[in-house]
Structure formats: C-alpha cells, structure tokens
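Chemist: Dropping the structure in here first, questions after.
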Amino acid sequence: MKKLILLELALLFLATTFQSDNPPGWYQQQLPVNDQINDIFFLDSSRGWVTTNTGYILQTSNGGDNWNVQIDSAGNLYSIQFLDNLTGYSLGNGNHGIIYKTTNGGTDWNLIHDFNPAGIFRDMSFVNQDTGWVCSFDSFDGGVFKTTDGGISWQQQINLGLGNPSKIFFVNKDTGWFSNSHRELYKTVNGGSNWGGVFTSAYNIVSIFFLNSKKGWIRGSADGNGNGISYTTDGGLNWNNSSGEIGGFDITFVNDSIGYAGGGSQPLRILKSTDRGRTWGYQNALATPDISISLLRNDSKMGWAGRDLLIKTTDGGGTIVNIENPDIEIPDNFTLYQNYPNPFNPKTAISYEIRNTSHIILKVYNVQGMEVGTLINERKNSGIYKLEFDGNNYISGVYFYKIEVYEEKLNIGSSETKKMLLIK
C-alpha cells in the first residue's frame with residue numbers, strides 16, 4: 001500500500017511539473033461566450049464581472065474559473081462597477097444611452113434609465129451606492145450626467161458639444177476628471193458643479209486613473225515626443241512623460257508603486273511599472289493592445305485583463321522585460337535552482353543566486369496554493385545562498401517554493417516558482 005501511495009505521489013508530481021492550476025505569468029480563462037470584452041471589474045479575488053460588446057454581463061464567484069451569464073441585453077455594454085456585494089451599475093448603448101443597475105449582486109439587472117437622445121455612454125464613476133457620474137460623447141445631447149439617488153434621477157452637468165467626454169474618473173464626491181477626443185483633460189473640485197480645463201495632451205487621452213486627489217496617470221503625452229503614459233503629482237495641473245513602452249490603455253495602479261496598462265502598438269503585451277509609473281516594461285501575454293484590465297487594489301499579484309480573450313495572473317504577471325534593453329529580462333539578475341534532493345524525505349536544500357543587492361522573499365506553498373512557510377524575508381547582497389527546508393511537520397505531497405526578488409538597483413520586482421515532492 002505504501003509503495004502504491006508513493007507511486008501515485010510521484011505520478012502527481014510529474015503531472016504537475018508540466019501542468020498547474022495557476023501557471024506562472026498571464027494565462028487564459030474560458031468565457032461562456034465568444035465576444036469582445038469591454039470592461040472587467042473584480043470586488044475581490046473571487047467575485048468579478050465582465051461586460052462584452054454585444055451586451056453580455058458575465059459573473060464569476062471563483063476567481064474566473066467558471067462564469068455565468070447574468071444578462072444578454074440588446075445593446076453594447078462598455079463599463080461595469082460594483083460598490084459592494086449587492087449594488088452594481090453597467091452602461092452602454094442600445095438605441096440610446098442605457099444604464100442598468102442591480103441590488104442583488106447581479107441576479108437581476110434593471111434598466112434604470114434610457115437616455116433619449118443622449119447617445120452612447122462610454123464610462124462611469126461611482127463613489128458610493130447613490131452618487132455617481134456617467135459620460136456620453138454625443139455632440140448634441142451628451143456630456144456629464146450625475147445622480148445622487150442611485151440612478152433614479154440624473155442631472156446634466158456639462159455639455160461641450162464636440163468636446164464631450166469619453167472617460168471619467170472620481171476619487172471622492174468632490175474631485176474628478178474627464179477627457180475628450182480633443183486631447184483635453186477637465187477637472188472638478190465641487191462634485192461636477194463646475195469643470196475647468198487643466199491640461200491639453202499632445203495625443204488623445206484614452207485612459208485616466210487616480211489613486212487620490214494628487215497622484216494620477218493618463219494615456220497621453222505631455223509633449224509631442226510620444227503617445228505613452230504620463231503622470232502627475234499635483235492633481236493634473238502638471239504632467240511628466242513616463243519612459244519605456246508606449247501604451248496606456250486602461251491604466252490601473254494597485255498601490256503607490258505598482259501599475260499595469262494595456263499594450264500600445266505591440267500586441268501580446270501587458271505593460272507594468274514598479275516605480276510609480278516613471279518607467280514601464282512589458283510582460284508577455286495573450287492579449288491585444290487596447291486591453292481592459294482589472295486588478296485588486298493593494299494586491300500586486302492577482303489581476304485580470306482581456307479584449308479578445310480573458311487572461312489572469314496570480315503572480316503579478318511574471319517576467320518584466322527590461323525597458324532599456326529589450327533583449328535582457330529582469331529575472332536574469334537572479335537564479336532559483338531546483339531543490340536537492342528531489343523527491344526528498346524529510347529535508348532538502350534550496351539554493352538561489354542574486355547578482356545585485358535585493359530584498360528576497362522565499363515562501364513555500366502547498367498544492368492548493370496556501371502558504372505553509374516563509375524561509376526568508378530580508379535584504380541580501382549579491383551572491384549564492386543555500387538554505388534547508390525541513391518537511392518533518394508536513395504531509396507527503398507536492399509543494400511549491402517561490403522566490404520574489406525586489407532589486408534595488410533597477411527598482412523592479414520579479415519572481416519565479418519551482419516544485420518539489422515530499423515523500424515520507
């Protein structure tokens with residue numbers, strides 16, 4: 001019986017060596033419909049929604065492993081946002097601008113407003129269950145509309161004709177921004193009662209994201225030297241160009257340092273910054289350039305992206321290709337070696353090499369992805385290191401050990417994961 005169990009464990013180890021529930025980097029998840037993704041929104045690591053170009057709203061409660069069709073509307077749905085487990089909004093256009101609302105987590109969606117003739121709604125921003133803004137770029141009847149009663153009534157706040165907005169973003173009930181096809185960025189500090197132009201980009205501003213009233217990013221250049229990502233630290237009055245990859249569709253920052261964006265002219269790429277958006281590299285991904293991205297705030301590892309298909313990462317997207325030299329990848333600055341012996345009982349040695357001073361985190365996970373131990377979490381100088389993992393207190397099975405390297409010289413973090421088999 002013991003030999004049979006050991007054989008099964010060995011076969012499981014060989015199988016998981018080539019296949020994992022959570023592969024490294026970005027990997028594809030299957031949706032029940034074949035349609036273009038317009039927006040992605042996740043409340044946490046389990047609950048999320050997707051809207052599509054022909055009006056589907058899809059919902060998952062297990063991180064995207066399985067999806068349910070909640071609605072198949074008669075129009076296109078461009079944006080979706082949830083305020084909590086129950087209350088959410090989605091908008092787009094049918095014959096006119098349409099807004100849907102749910103108060104039971106998406107089990108039922110109600111058409112709460114059919115704007116006639118406000119045209120196509122492209123974006124929205126809610127700061128609580130009742131207060132939010134939507135925008136339409138229709139040159140006659142579009143503009144910015146606000147609700148303070150959960151969508152029962154709407155007030156048109158501004159109409160700029162041909163300069164009506166396509167993107168809008170609020171950080172609180174008072175402070176927000178919108179952009180239009182004239183490369184203009186407008187700002188309000190009184191909830192939209194008054195709007196003033198604060199910036200004109202050299203290129204169209206197709207993405208806006210602010211962490212707070214001061215720090216923000218746009219896909220738009222501060223001068224005529226590029227059409228990449230720019231950042232501000234004063235609420236949008238002044239902007240600086242980022243360096244690195246050109247892109248910026250659907251920018252999202254998960255914290256003060258780490259941000260992601262859709263690729264620019266290059267397909268199959270996700271852009272990533274680890275230095276507050278000053279410089280950008282890219283990660284290889286099955287994705288088209290103008291990509292929708294949803295990442296969990298303050299979670300630098302888990303996120304979803306997609307346009308023609310949906311992709312997910314649980315390790316921050318993996319390798320970041322060096323910005324200065326695209327032929328050199330950041331993980332080349334460290335090496336994680338296979339543990340020895342492997343399989344082992346009950347102890348094994350894990351070695352790694354770092355080529356520059358870095359902060360090192362090395363953790364062990366079980367086959368369900370649960371963390372079972374931290375082997376190291378400290379700053380290390382360049383060199384080769386070896387440590388021992390003692391499996392005396394663990395059951396037989398497949399385990400993963402993952403190193404995270406935050407290199408101070410390059411100000412970029414990378415990671416790598418390997419597998420090992422404990423047989424008792």
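Here's how to read the names in the structure tokens: chain A, B, ... by the order shown, residue numbers from 1 in each chain, ligand numbers from 1 in the order shown.
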Find the spatial neighbours of Phe178 of chain A, counting only C-alpha atoms, within a cut-off of 10 Å - ignore same-chain residues fewer than 5 positions away - and output them as a ChimeraX atom specification.
Modeler: /A:123,135,144,164-170,184-188,195,197,205,207-208
Chemist: Output N, CA and C atoms for every residue in that selection, as an mmCIF file, in the first residue's frame.
Modeler:
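File result_13.cif, as written:
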data_model
loop_
_atom_site.group_PDB
_atom_site.id
_atom_site.type_symbol
_atom_site.label_atom_id
_atom_site.label_comp_id
_atom_site.auth_asym_id
_atom_site.auth_seq_id
_atom_site.Cartn_x
_atom_site.Cartn_y
_atom_site.Cartn_z
ATOM 1 N N ASP A 123 -18.440 55.631 -20.230
ATOM 2 C CA ASP A 123 -17.722 55.445 -18.980
ATOM 3 C C ASP A 123 -18.556 55.966 -17.817
ATOM 4 N N CYS A 135 -20.790 59.480 -18.580
ATOM 5 C CA CYS A 135 -20.484 60.445 -19.631
ATOM 6 C C CYS A 135 -20.817 59.881 -21.003
ATOM 7 N N VAL A 144 -21.680 65.229 -19.274
ATOM 8 C CA VAL A 144 -21.553 64.563 -17.983
ATOM 9 C C VAL A 144 -22.887 64.631 -17.257
ATOM 10 N N ASN A 164 -17.379 66.746 -25.903
ATOM 11 C CA ASN A 164 -17.949 65.947 -24.831
ATOM 12 C C ASN A 164 -17.061 64.750 -24.493
ATOM 13 N N PRO A 165 -17.135 64.276 -23.238
ATOM 14 C CA PRO A 165 -16.136 63.319 -22.745
ATOM 15 C C PRO A 165 -16.420 61.865 -23.105
ATOM 16 N N SER A 166 -15.333 61.074 -23.086
ATOM 17 C CA SER A 166 -15.431 59.632 -23.277
ATOM 18 C C SER A 166 -14.881 58.861 -22.085
ATOM 19 N N LYS A 167 -14.113 59.524 -21.205
ATOM 20 C CA LYS A 167 -13.583 58.894 -19.999
ATOM 21 C C LYS A 167 -13.814 59.811 -18.810
ATOM 22 N N ILE A 168 -14.148 59.198 -17.643
ATOM 23 C CA ILE A 168 -14.403 59.985 -16.445
ATOM 24 C C ILE A 168 -13.916 59.187 -15.231
ATOM 25 N N PHE A 169 -13.393 59.914 -14.230
ATOM 26 C CA PHE A 169 -12.832 59.242 -13.048
ATOM 27 C C PHE A 169 -12.952 60.163 -11.844
ATOM 28 N N PHE A 170 -13.568 59.648 -10.758
ATOM 29 C CA PHE A 170 -13.690 60.385 -9.500
ATOM 30 C C PHE A 170 -12.993 59.612 -8.385
ATOM 31 N N GLU A 184 -8.200 66.931 -24.330
ATOM 32 C CA GLU A 184 -8.326 67.835 -23.182
ATOM 33 C C GLU A 184 -8.702 67.055 -21.919
ATOM 34 N N LEU A 185 -8.130 67.502 -20.805
ATOM 35 C CA LEU A 185 -8.451 66.945 -19.502
ATOM 36 C C LEU A 185 -9.098 68.037 -18.660
ATOM 37 N N TYR A 186 -10.312 67.760 -18.168
ATOM 38 C CA TYR A 186 -11.045 68.701 -17.317
ATOM 39 C C TYR A 186 -11.090 68.161 -15.894
ATOM 40 N N LYS A 187 -11.241 69.094 -14.939
ATOM 41 C CA LYS A 187 -11.255 68.717 -13.530
ATOM 42 C C LYS A 187 -12.347 69.484 -12.782
ATOM 43 N N THR A 188 -12.923 68.812 -11.776
ATOM 44 C CA THR A 188 -13.854 69.471 -10.870
ATOM 45 C C THR A 188 -13.418 69.214 -9.436
ATOM 46 N N TRP A 195 -16.600 72.713 -13.976
ATOM 47 C CA TRP A 195 -15.484 71.988 -14.590
ATOM 48 C C TRP A 195 -14.547 72.987 -15.239
ATOM 49 N N GLY A 197 -10.760 73.255 -17.602
ATOM 50 C CA GLY A 197 -9.699 72.579 -18.318
ATOM 51 C C GLY A 197 -8.367 72.746 -17.608
ATOM 52 N N ILE A 205 -6.408 61.345 -24.969
ATOM 53 C CA ILE A 205 -6.368 60.767 -23.625
ATOM 54 C C ILE A 205 -7.439 59.685 -23.568
ATOM 55 N N SER A 207 -7.248 56.954 -21.361
ATOM 56 C CA SER A 207 -7.312 56.330 -20.050
ATOM 57 C C SER A 207 -7.019 57.356 -18.971
ATOM 58 N N ILE A 208 -7.730 57.241 -17.839
ATOM 59 C CA ILE A 208 -7.494 58.088 -16.668
ATOM 60 C C ILE A 208 -7.516 57.186 -15.442
#
Chemist: Could you pull out the strand (DSSP E) residues of segment 257-419 of chain A, going by DSSP on the backbone, and write them as number ranges by chain?
Modeler: A: 259-263, 269-273, 279-284, 292-295, 303-306, 310-313, 334-336, 347-354, 358-366, 371-380, 383-390, 397-407, 412-419
Chemist: Could you pull the residues within 8 Å of Thr348 of chain A, counting only C-alpha atoms, minus those fewer than 2 positions along the same chain, as a PyMOL selection string?
Modeler: chain A and resi 339-342+344-346+350+388-390
Chemist: Using only C-alpha atoms for the distances, tell me which of A:Ser294, A:Thr148, A:Asn366, A:Ser351 is nearest to Ile311 of chain A.
Modeler: A:Ser294
Chemist: Just the residues within 9 Å of segment 228-236 of chain A, please, counting only C-alpha atoms, with nothing from its chain fewer than 4 positions along; format it as a compact mmCIF listing (two decimals) with N, CA and C atoms, in the first residue's frame.
Modeler:
# COMPACT_ATOMS: atom_id res chain seq x y z
N TRP A 177 -12.19 63.93 -12.82
CA TRP A 177 -11.63 64.38 -14.09
C TRP A 177 -12.39 63.71 -15.24
N LEU A 185 -8.13 67.50 -20.81
CA LEU A 185 -8.45 66.94 -19.50
C LEU A 185 -9.10 68.04 -18.66
N TYR A 186 -10.31 67.76 -18.17
CA TYR A 186 -11.05 68.70 -17.32
C TYR A 186 -11.09 68.16 -15.89
N LYS A 187 -11.24 69.09 -14.94
CA LYS A 187 -11.26 68.72 -13.53
C LYS A 187 -12.35 69.48 -12.78
N VAL A 198 -7.66 71.64 -17.36
CA VAL A 198 -6.39 71.71 -16.64
C VAL A 198 -5.21 71.25 -17.47
N PHE A 199 -5.45 70.57 -18.62
CA PHE A 199 -4.34 70.02 -19.37
C PHE A 199 -4.80 69.68 -20.78
N TYR A 203 -1.59 63.97 -27.49
CA TYR A 203 -2.32 62.85 -28.09
C TYR A 203 -3.62 62.65 -27.33
N PHE A 210 -6.58 57.71 -11.09
CA PHE A 210 -6.02 58.45 -9.96
C PHE A 210 -6.10 57.59 -8.71
N ASN A 212 -5.46 59.10 -5.71
CA ASN A 212 -6.01 60.07 -4.77
C ASN A 212 -6.13 61.40 -5.50
N SER A 213 -6.37 62.46 -4.80
CA SER A 213 -6.60 63.76 -5.43
C SER A 213 -5.34 64.35 -6.06
N LYS A 214 -4.18 63.78 -5.78
CA LYS A 214 -2.91 64.31 -6.29
C LYS A 214 -2.26 63.41 -7.33
N LYS A 215 -2.17 62.11 -7.06
CA LYS A 215 -1.40 61.19 -7.90
C LYS A 215 -2.28 60.52 -8.93
N GLY A 216 -1.90 60.71 -10.21
CA GLY A 216 -2.69 60.13 -11.28
C GLY A 216 -1.89 59.85 -12.52
N TRP A 217 -2.51 59.10 -13.45
CA TRP A 217 -1.86 58.71 -14.69
C TRP A 217 -2.87 58.81 -15.84
N ILE A 218 -2.37 59.14 -17.03
CA ILE A 218 -3.19 59.16 -18.22
C ILE A 218 -2.42 58.52 -19.37
N ARG A 219 -3.15 58.04 -20.37
CA ARG A 219 -2.52 57.67 -21.62
C ARG A 219 -2.61 58.91 -22.51
N GLY A 220 -1.53 59.68 -22.50
CA GLY A 220 -1.47 60.92 -23.24
C GLY A 220 -0.16 61.61 -22.94
N SER A 221 0.42 62.25 -23.92
CA SER A 221 1.76 62.79 -23.76
C SER A 221 1.74 64.24 -23.31
N ALA A 222 2.72 64.59 -22.48
CA ALA A 222 2.87 65.97 -22.04
C ALA A 222 3.51 66.85 -23.10
N ASN A 240 4.21 64.74 -16.37
CA ASN A 240 5.53 64.31 -16.82
C ASN A 240 5.39 63.04 -17.64
N ASN A 241 6.18 62.93 -18.71
CA ASN A 241 6.15 61.74 -19.53
C ASN A 241 6.86 60.58 -18.84
N SER A 242 6.24 59.40 -18.88
CA SER A 242 6.93 58.19 -18.47
C SER A 242 7.87 57.75 -19.58
N SER A 243 8.79 56.86 -19.24
CA SER A 243 9.68 56.30 -20.25
C SER A 243 9.43 54.82 -20.38
N GLY A 244 9.87 54.24 -21.49
CA GLY A 244 9.70 52.82 -21.73
C GLY A 244 8.67 52.55 -22.79
N GLU A 245 7.89 51.50 -22.60
CA GLU A 245 6.94 51.04 -23.60
C GLU A 245 5.83 52.08 -23.85
N ILE A 246 5.44 52.21 -25.11
CA ILE A 246 4.31 53.07 -25.46
C ILE A 246 3.02 52.28 -25.27
N GLY A 247 2.09 52.86 -24.57
CA GLY A 247 0.82 52.20 -24.34
C GLY A 247 0.00 53.01 -23.36
N GLY A 248 -0.83 52.34 -22.61
CA GLY A 248 -1.57 53.03 -21.59
C GLY A 248 -3.06 52.82 -21.61
N ILE A 251 -5.33 52.07 -17.78
CA ILE A 251 -4.30 52.07 -16.74
C ILE A 251 -4.92 51.77 -15.38
N GLY A 264 0.63 49.08 -26.15
CA GLY A 264 0.45 50.13 -27.15
C GLY A 264 0.34 49.54 -28.54
N ARG A 276 6.11 53.72 -9.60
CA ARG A 276 5.09 54.78 -9.59
C ARG A 276 4.78 55.32 -10.97
N GLY A 277 5.05 54.52 -12.01
CA GLY A 277 4.71 54.92 -13.36
C GLY A 277 5.76 55.73 -14.07
N ARG A 278 6.94 55.87 -13.47
CA ARG A 278 8.01 56.65 -14.12
C ARG A 278 8.57 55.91 -15.32
N TRP A 280 8.27 52.02 -17.64
CA TRP A 280 7.40 50.88 -17.92
C TRP A 280 8.16 49.83 -18.71
Chemist: Would you kindly return, as a list in words, each protein, DNA or RNA residue with an atom no farther than 6 Å from any atom of Thr102 of chain A, considering only C-alpha atoms and excluding same-chain residues fewer than 2 positions away?
Modeler: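 Residues near the query, excluding close chain neighbours: Thr87, Gly88, Asn104, Gly106, Asp108 and Trp109 of chain A.
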Chemist: Pick out the closest residue to Ile98 of chain A from this set: A:Phe121, A:Tyr78, A:Phe253, A:Tyr56. Count only C-alpha atoms.
Modeler: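 Checking each of A:Phe121, A:Tyr78, A:Phe253, A:Tyr56 against Ile98 of chain A, counting only C-alpha atoms, the winner is A:Phe121.
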Chemist: Do a neighbour search on segment 376-378 of chain A at 9 Å with only C-alpha atoms, toss out local chain neighbours closer than 6 positions, and write the hits as a list in words.
Modeler: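 The filter keeps Ser358, His359, Ile360, Ile361, Leu362 and Lys363 of chain A.
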Chemist: Write the residues you've just listed into a file as a compact mmCIF listing (two decimals), in the first residue's frame, and include N, CA and C atoms for each of them.
Modeler:
# COMPACT_ATOMS: atom_id res chain seq x y z
N SER A 358 19.40 42.99 -3.23
CA SER A 358 17.96 42.88 -3.42
C SER A 358 17.29 42.48 -2.11
N HIS A 359 15.99 42.74 -2.04
CA HIS A 359 15.19 42.21 -0.94
C HIS A 359 14.61 40.88 -1.40
N ILE A 360 14.84 39.83 -0.62
CA ILE A 360 14.46 38.48 -1.01
C ILE A 360 13.35 37.97 -0.11
N ILE A 361 12.31 37.42 -0.75
CA ILE A 361 11.25 36.71 -0.04
C ILE A 361 11.16 35.31 -0.64
N LEU A 362 11.28 34.30 0.20
CA LEU A 362 11.19 32.91 -0.27
C LEU A 362 10.16 32.20 0.58
N LYS A 363 9.09 31.73 -0.06
CA LYS A 363 8.00 31.09 0.66
C LYS A 363 7.68 29.73 0.06
Chemist: Report, in Å to a single decimal, how far apart atom CA of Ile320 of chain A and atom CA of Gln81 of chain A are.
Modeler: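 So the answer is 29.2 Å.
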Chemist: Got a sec: who's within 8 Å of Trp26 of chain A, counting only C-alpha atoms, leaving out chain neighbours fewer than 4 positions off, as a list in words?
Modeler: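 Returned residues: Asn284, Ala285, Leu286, Ile311, Lys312, Thr313, Thr314, Gly317 and Gly318 of chain A.
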